[in-house]
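Chemist: Structure file my_file14.cif (mmCIF, C-alpha atoms) is given on the next line.
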data_query
loop_
_atom_site.label_atom_id
_atom_site.label_comp_id
_atom_site.auth_asym_id
_atom_site.auth_seq_id
_atom_site.Cartn_x
_atom_site.Cartn_y
_atom_site.Cartn_z
CA MET V 46 -6.27 3.45 6.78
CA LEU V 47 -3.03 1.74 5.83
CA LEU V 48 -0.59 1.19 8.68
CA ASP V 49 3.03 0.14 8.51
CA LEU V 50 4.07 -2.22 11.32
CA ALA V 51 7.77 -2.18 12.26
CA GLY V 52 8.62 1.26 13.55
CA VAL V 53 4.96 2.32 13.76
CA VAL V 54 3.15 -0.31 15.82
CA TYR V 55 6.18 -2.07 17.31
CA ASP V 56 9.95 -2.13 17.55
CA GLY V 57 11.08 -5.75 17.61
CA ASP V 58 8.89 -7.50 20.19
CA THR V 59 8.00 -4.27 22.00
CA PRO V 60 4.92 -2.19 21.19
CA ILE V 61 5.61 1.49 20.63
CA ALA V 62 4.06 3.53 23.43
CA GLY V 63 0.38 4.19 22.76
CA ALA V 64 0.30 2.27 19.46
CA VAL V 65 -1.98 -0.57 20.57
CA ALA V 66 -4.50 1.89 22.00
CA ALA V 67 -4.28 3.99 18.83
CA VAL V 68 -5.16 0.98 16.65
CA GLU V 69 -8.13 0.26 18.91
CA ARG V 70 -9.31 3.88 18.64
CA LEU V 71 -9.19 3.71 14.84
CA ARG V 72 -11.16 0.46 14.85
CA LYS V 73 -13.80 1.85 17.22
CA ALA V 74 -14.18 4.85 14.93
CA GLY V 75 -15.19 2.42 12.17
CA LEU V 76 -12.21 3.10 9.92
CA PRO V 77 -11.29 0.07 7.80
CA LEU V 78 -7.65 -0.90 8.43
CA ARG V 79 -5.04 -2.71 6.42
CA PHE V 80 -1.59 -3.47 7.78
CA VAL V 81 1.01 -3.15 5.02
CA SER V 82 4.47 -4.35 5.93
CA ASN V 83 7.60 -4.54 3.79
CA THR V 84 9.15 -7.12 6.08
CA THR V 85 10.70 -9.95 4.11
CA ARG V 86 12.14 -11.90 7.04
CA SER V 87 9.01 -13.08 8.85
CA PRO V 88 6.21 -15.29 7.47
CA ARG V 89 2.65 -14.03 7.71
CA HIS V 90 1.59 -16.38 10.52
CA ARG V 91 4.48 -15.17 12.68
CA ILE V 92 3.60 -11.51 12.11
CA ILE V 93 -0.06 -12.14 13.03
CA ALA V 94 1.00 -14.08 16.14
CA GLN V 95 3.43 -11.31 17.12
CA LEU V 96 0.69 -8.70 16.82
CA ALA V 97 -1.71 -10.83 18.86
CA ALA V 98 0.90 -11.15 21.60
CA LEU V 99 1.09 -7.36 21.70
CA GLY V 100 -2.70 -7.05 21.94
CA VAL V 101 -3.48 -6.25 18.29
CA GLU V 102 -5.81 -8.78 16.66
CA VAL V 103 -5.35 -8.84 12.88
CA ALA V 104 -7.31 -11.03 10.48
CA ASP V 105 -5.42 -12.73 7.66
CA GLU V 106 -7.05 -10.56 5.00
CA GLU V 107 -6.01 -7.39 6.84
CA LEU V 108 -2.27 -8.06 6.42
CA LEU V 109 -0.50 -7.48 3.12
CA THR V 110 3.16 -8.40 2.67
CA PRO V 111 5.47 -8.48 -0.36
CA ALA V 112 5.80 -12.27 -0.08
CA ARG V 113 2.04 -12.66 -0.48
CA ALA V 114 2.12 -10.37 -3.52
CA ALA V 115 5.03 -12.37 -4.96
CA VAL V 116 3.24 -15.70 -4.57
CA GLU V 117 0.20 -14.27 -6.36
CA TRP V 118 2.46 -12.95 -9.16
CA LEU V 119 4.22 -16.31 -9.56
CA ARG V 120 0.92 -18.19 -9.74
CA ARG V 121 -0.56 -15.72 -12.20
CA HIS V 122 2.49 -15.97 -14.49
CA VAL V 123 3.01 -19.72 -13.91
CA ARG V 124 6.58 -19.35 -12.70
CA ARG V 125 8.68 -21.29 -10.19
CA PRO V 126 10.88 -19.24 -7.86
CA HIS V 127 14.63 -19.12 -7.47
CA LEU V 128 14.69 -17.76 -3.93
CA LEU V 129 17.16 -15.30 -2.49
CA VAL V 130 15.21 -14.64 0.71
CA HIS V 131 15.55 -15.14 4.44
CA PRO V 132 15.30 -18.82 5.44
CA ASN V 133 12.27 -17.99 7.61
CA LEU V 134 10.38 -16.90 4.50
CA GLU V 135 11.06 -19.85 2.22
CA ALA V 136 7.99 -21.83 3.34
CA GLU V 137 5.74 -19.04 2.02
CA PHE V 138 6.72 -20.13 -1.50
CA SER V 139 5.96 -23.84 -1.16
CA GLY V 140 3.80 -25.45 -3.85
CA LEU V 141 5.20 -23.35 -6.71
CA GLU V 142 7.61 -25.90 -8.14
CA GLY V 143 5.60 -26.65 -11.28
CA GLY V 144 5.90 -23.34 -13.08
CA LYS V 145 6.86 -23.10 -16.74
CA GLY V 146 9.69 -20.63 -16.20
CA ARG V 147 12.01 -19.27 -13.51
CA SER V 148 11.76 -16.08 -11.47
CA VAL V 149 14.49 -14.79 -9.18
CA VAL V 150 12.82 -13.55 -5.98
CA VAL V 151 14.96 -11.24 -3.83
CA GLY V 152 14.10 -10.23 -0.28
CA ASP V 153 16.09 -9.43 2.83
CA ALA V 154 18.10 -12.64 3.06
CA GLY V 155 20.14 -11.39 6.02
CA GLU V 156 23.23 -13.53 6.60
CA ALA V 157 22.33 -15.61 3.53
CA PHE V 158 23.52 -12.73 1.32
CA ASP V 159 26.99 -13.75 0.19
CA TYR V 160 28.89 -13.85 -3.09
CA ALA V 161 27.83 -17.38 -3.97
CA THR V 162 24.09 -16.79 -3.49
CA LEU V 163 24.17 -13.42 -5.25
CA ASN V 164 26.13 -14.90 -8.15
CA ARG V 165 23.68 -17.78 -8.55
CA ALA V 166 20.83 -15.27 -8.71
CA PHE V 167 22.82 -13.17 -11.21
CA ARG V 168 23.35 -16.21 -13.46
CA GLU V 169 19.62 -17.01 -13.37
CA LEU V 170 18.87 -13.44 -14.48
CA VAL V 171 21.44 -13.59 -17.29
CA ALA V 172 19.82 -16.84 -18.42
CA GLY V 173 16.48 -15.06 -18.75
CA ALA V 174 14.68 -15.55 -15.43
CA ASP V 175 12.19 -12.90 -14.33
CA PHE V 176 13.46 -10.49 -11.66
CA LEU V 177 11.18 -9.92 -8.66
CA ALA V 178 12.13 -7.67 -5.74
CA LEU V 179 10.03 -8.09 -2.63
CA ALA V 180 11.08 -4.60 -1.54
CA THR V 181 13.73 -1.99 -2.25
CA ASN V 182 14.07 -0.39 1.17
CA ARG V 183 17.50 1.11 1.80
CA THR V 184 17.68 0.45 5.54
CA PHE V 185 15.81 -1.01 8.49
CA LYS V 186 16.09 -0.50 12.24
CA ASP V 187 17.88 -3.58 13.51
CA ALA V 188 17.51 -5.38 16.85
CA ASP V 189 20.38 -3.36 18.30
CA GLY V 190 18.56 -0.10 17.60
CA GLU V 191 20.89 0.91 14.76
CA LEU V 192 20.21 1.08 11.02
CA SER V 193 21.26 -1.89 8.89
CA LEU V 194 21.37 -2.56 5.15
CA ASP V 195 18.03 -3.68 3.80
CA ALA V 196 17.27 -5.63 0.62
CA GLY V 197 17.41 -2.59 -1.66
CA ALA V 198 21.20 -2.53 -1.77
CA PHE V 199 21.34 -6.14 -2.98
CA VAL V 200 18.53 -5.63 -5.48
CA ALA V 201 20.52 -2.67 -6.85
CA ALA V 202 23.67 -4.81 -7.15
CA LEU V 203 21.83 -7.45 -9.19
CA GLU V 204 20.16 -4.77 -11.31
CA PHE V 205 23.54 -3.16 -12.06
CA ALA V 206 25.27 -6.43 -12.89
CA SER V 207 22.50 -7.96 -15.00
CA GLY V 208 21.23 -4.80 -16.68
CA ARG V 209 17.71 -5.92 -15.70
CA SER V 210 15.13 -3.86 -13.84
CA PRO V 211 13.08 -5.70 -11.20
CA VAL V 212 9.35 -5.90 -10.74
CA VAL V 213 8.95 -4.36 -7.28
CA LEU V 214 6.15 -6.06 -5.35
CA GLY V 215 6.20 -4.26 -1.98
CA LYS V 216 6.22 -0.59 -1.08
CA PRO V 217 6.74 1.81 -2.87
CA SER V 218 5.06 -0.03 -5.76
CA PRO V 219 1.72 1.67 -6.54
CA ASP V 220 0.16 -1.75 -7.13
CA PHE V 221 1.00 -2.78 -3.57
CA PHE V 222 -0.85 0.17 -2.05
CA LEU V 223 -3.80 -0.15 -4.42
CA SER V 224 -4.15 -3.90 -3.82
CA ALA V 225 -4.40 -3.16 -0.09
CA LEU V 226 -7.39 -0.93 -0.83
CA ALA V 227 -8.97 -3.15 -3.48
CA ASP V 228 -11.36 -5.07 -1.21
CA LEU V 229 -12.26 -2.04 0.90
CA ASN V 230 -14.20 -0.28 -1.86
CA CYS V 231 -12.17 2.79 -0.92
CA PRO V 232 -10.94 5.29 -3.50
CA ALA V 233 -7.23 5.96 -3.12
CA ALA V 234 -7.94 9.64 -2.59
CA ASP V 235 -9.87 8.78 0.60
CA ALA V 236 -7.09 6.65 2.09
CA VAL V 237 -4.35 7.58 4.55
CA MET V 238 -0.98 5.84 4.98
CA VAL V 239 1.05 5.98 8.22
CA GLY V 240 4.70 4.96 8.15
CA ASP V 241 8.20 5.60 9.43
CA ASP V 242 9.92 5.41 6.02
CA ALA V 243 9.70 8.73 4.18
CA GLU V 244 10.57 7.12 0.86
CA SER V 245 8.76 3.77 0.68
CA ASP V 246 5.81 4.47 2.99
CA VAL V 247 5.09 8.15 2.50
CA ALA V 248 6.36 9.25 -0.92
CA GLY V 249 5.31 5.84 -2.28
CA ALA V 250 1.75 6.17 -0.99
CA LEU V 251 1.32 9.72 -2.26
CA SER V 252 2.75 8.79 -5.66
CA ALA V 253 0.20 5.95 -5.79
CA GLY V 254 -2.59 8.52 -5.40
CA LEU V 255 -3.46 8.16 -1.71
CA GLY V 256 -5.04 11.24 -0.22
CA ALA V 257 -2.60 11.64 2.68
CA ALA V 258 0.50 10.04 4.14
CA LEU V 259 1.77 10.71 7.66
CA LEU V 260 5.40 10.26 8.70
CA VAL V 261 5.98 9.27 12.33
CA ARG V 262 9.10 10.13 14.30
CA THR V 263 9.43 6.56 15.58
CA GLY V 264 11.18 3.50 14.14
CA LYS V 265 13.76 4.22 11.44
CA TYR V 266 12.88 7.93 11.24
CA ARG V 267 15.89 10.25 11.41
CA PRO V 268 15.80 14.08 11.68
CA ASN V 269 14.98 15.78 8.38
CA ASP V 270 13.78 12.59 6.66
CA GLU V 271 10.66 14.55 5.79
CA THR V 272 12.71 16.80 3.47
CA ARG V 273 14.61 14.08 1.61
CA PHE V 274 11.99 12.63 -0.74
CA ASP V 275 9.17 13.84 -2.98
CA PRO V 276 6.31 14.03 -2.47
CA PRO V 277 6.87 15.14 1.15
CA PRO V 278 4.61 13.86 3.93
CA THR V 279 1.19 15.40 4.39
CA ALA V 280 2.12 15.79 8.04
CA LEU V 281 4.98 14.88 10.38
CA VAL V 282 3.69 13.49 13.69
CA ASP V 283 5.32 12.14 16.81
CA ASP V 284 3.88 8.62 16.73
CA LEU V 285 0.83 6.52 15.91
CA THR V 286 -1.11 8.13 18.76
CA ALA V 287 -0.60 11.54 17.16
CA ALA V 288 -1.40 10.10 13.74
CA ALA V 289 -4.71 8.74 15.08
CA ASP V 290 -5.50 12.19 16.54
CA TRP V 291 -4.79 13.79 13.15
CA ILE V 292 -6.93 11.28 11.26
CA LEU V 293 -9.88 11.20 13.65
CA SER V 294 -10.07 14.98 13.89
CA ARG V 295 -10.47 15.15 10.12
CA ALA V 296 -12.85 12.21 9.92
CA ALA V 297 -15.16 14.02 12.34
CA ALA V 298 -15.00 17.30 10.44
#
Show me, as structure tokens, the structure contained in the file I just sent.
Modeler:
Amino acid sequence: MLLDLAGVVYDGDTPIAGAVAAVERLRKAGLPLRFVSNTTRSPRHRIIAQLAALGVEVADEELLTPARAAVEWLRRHVRRPHLLVHPNLEAEFSGLEGGKGRSVVVGDAGEAFDYATLNRAFRELVAGADFLALATNRTFKDADGELSLDAGAFVAALEFASGRSPVVLGKPSPDFFLSALADLNCPAADAVMVGDDAESDVAGALSAGLGAALLVRTGKYRPNDETRFDPPPTALVDDLTAAADWILSRAAA
């Protein structure tokens, strides 16, 4: 079981109705869980603390984020980062100053996205730095309940200007989904993804070879999202409670 967080388990600091109980039901059924979030504004410790405050206890190894994948990539390739990320996320990349080359790392920098910061990142790319995108989501549901631009638009701008294609580390990268399953000894075909993003969560998971992907009508979901991307969701369900019903009914079959 792979579960998205924002829009599936919670909206902001508020749990989505029934979501905490649904997570507990899945745990009691013995289904291994991994929480896979494309958030690039909050550090891991804050996400874990936020979940605990909502009543969902998550171990460090159960949470996979694009920042964690990026740090592993930078260490593996011995690179030091040029960061274009939210200030809250910068501490995740400490200790990487000694790399042999540069990598531009782009996340959802929020208000830090401006011409000067984008142009500095562009110049690094033109000079030969690697190009890492933490995620390419188009939108996210903001604190005011409306959709806002996510990092994907800014990644696309840098890609267009530099003529360079990024290494995408979060969803919908197949490697991101498969790395979440790697320590579970679970074949991708036996895994199920639950998310509110028809493109990154659902089509991404199915393209990575997961056996099923459920789209919930909570979070950023908008009517007819299920028809906009291929592959389409295995099922469209109201919320995580309904997703748990769907999964547990099949697990018992």
Chemist: Report, in Å to a single decimal, how far apart CA of Phe158 in chain V and CA of Ala202 in chain V are.
Modeler: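 The value is 11.6 Å.
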Chemist: Would you list the contacts of range 123-130 of chain V as a list in words, taking every protein, DNA or RNA residue within 6 Å and counting only C-alpha atoms, but skipping same-chain residues closer than 6 positions in sequence?
Modeler: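 Once the nearby chain positions are removed, what remains is Leu141, Glu142, Gly144, Lys145, Gly146, Arg147, Ser148, Val149, Val150, Val151, Gly152, Asp153 and Ala154 of chain V.
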Chemist: Which residues of range 80-190 of chain V come within 8 Å of range 221-229 of chain V, and for each one, what is the closest pair of atoms and their distance in Å to one decimal, counting only C-alpha atoms, sorted by chain and residue number, as CSV?
Modeler:
residue,atom,partner,partner_atom,distance
V:Val81,CA,V:Ala225,CA,7.4
V:Leu109,CA,V:Ala225,CA,6.6
V:Pro111,CA,V:Phe221,CA,7.9
V:Ala114,CA,V:Phe221,CA,7.7
Chemist: Can you give me, as JSON, numbers by chain, the residues this file yields under the PyMOL selection byres ((chain V and resi 254) around 9)?
Modeler: {"V": [219, 223, 233, 234, 236, 249, 250, 251, 252, 253, 255, 256, 257]}
Chemist: Can you turn the PyMOL selection byres ((chain V and resi 60) around 10) into a concrete residue list for this file, as a ChimeraX atom specification?
Modeler: /V:50-59,61-65,96,98-101
Chemist: Take the residues from that selection and write them out as an mmCIF file, keeping the file's coordinate frame, keeping C-alpha atoms.
Modeler:
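Once everything was written out, this is again28.cif:
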data_model
loop_
_atom_site.group_PDB
_atom_site.id
_atom_site.type_symbol
_atom_site.label_atom_id
_atom_site.label_comp_id
_atom_site.auth_asym_id
_atom_site.auth_seq_id
_atom_site.Cartn_x
_atom_site.Cartn_y
_atom_site.Cartn_z
ATOM 1 C CA LEU V 50 4.070 -2.220 11.320
ATOM 2 C CA ALA V 51 7.770 -2.180 12.260
ATOM 3 C CA GLY V 52 8.620 1.260 13.550
ATOM 4 C CA VAL V 53 4.960 2.320 13.760
ATOM 5 C CA VAL V 54 3.150 -0.310 15.820
ATOM 6 C CA TYR V 55 6.180 -2.070 17.310
ATOM 7 C CA ASP V 56 9.950 -2.130 17.550
ATOM 8 C CA GLY V 57 11.080 -5.750 17.610
ATOM 9 C CA ASP V 58 8.890 -7.500 20.190
ATOM 10 C CA THR V 59 8.000 -4.270 22.000
ATOM 11 C CA ILE V 61 5.610 1.490 20.630
ATOM 12 C CA ALA V 62 4.060 3.530 23.430
ATOM 13 C CA GLY V 63 0.380 4.190 22.760
ATOM 14 C CA ALA V 64 0.300 2.270 19.460
ATOM 15 C CA VAL V 65 -1.980 -0.570 20.570
ATOM 16 C CA LEU V 96 0.690 -8.700 16.820
ATOM 17 C CA ALA V 98 0.900 -11.150 21.600
ATOM 18 C CA LEU V 99 1.090 -7.360 21.700
ATOM 19 C CA GLY V 100 -2.700 -7.050 21.940
ATOM 20 C CA VAL V 101 -3.480 -6.250 18.290
#
Chemist: Determine the residue set returned by the PyMOL selection byres ((chain V and resi 288) around 12) for the present structure, and present it as an MDAnalysis selection string.
Modeler: chainID V and resid 46:48 53:54 63:64 67:68 70:71 237:241 257:263 279:287 289:295
Chemist: Return the single residue from V:Gly173, V:Pro77, V:Gly197, V:Pro232 that is closest to Arg209 in chain V, with distances computed using all atoms listed in the file.
Modeler: V:Gly173
Chemist: For a test of reading the model, state the distance in Å between CA of Thr162 in chain V and CA of Lys265 in chain V, rounded to one decimal.
Modeler: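 Rounded to one decimal, the two atoms are 27.8 Å apart.
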Chemist: Please define a box with edges along x, y and z of the file around all atoms of range 125-140 of chain V given in the file, extend it by 3 Å on each side, and return its centre and edge lengths in Å to one decimal, as lines of an AutoDock Vina configuration file.
Modeler:
center_x = 10.5
center_y = -20.0
center_z = -1.3
size_x = 19.4
size_y = 16.8
size_z = 23.8
Chemist: Restricting the calculation to only C-alpha atoms: of V:Asp49, V:Asp159, V:Glu107, V:Ser87, which residue gets closest to Glu137 in chain V?
Modeler: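 Nearest candidate to Glu137 in chain V out of V:Asp49, V:Asp159, V:Glu107, V:Ser87: V:Ser87.
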Chemist: CA of Leu177 in chain V and CA of Arg121 in chain V are how many Å apart?
Modeler: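 According to the coordinates, CA of Leu177 in chain V and CA of Arg121 in chain V are separated by 13.6 Å.
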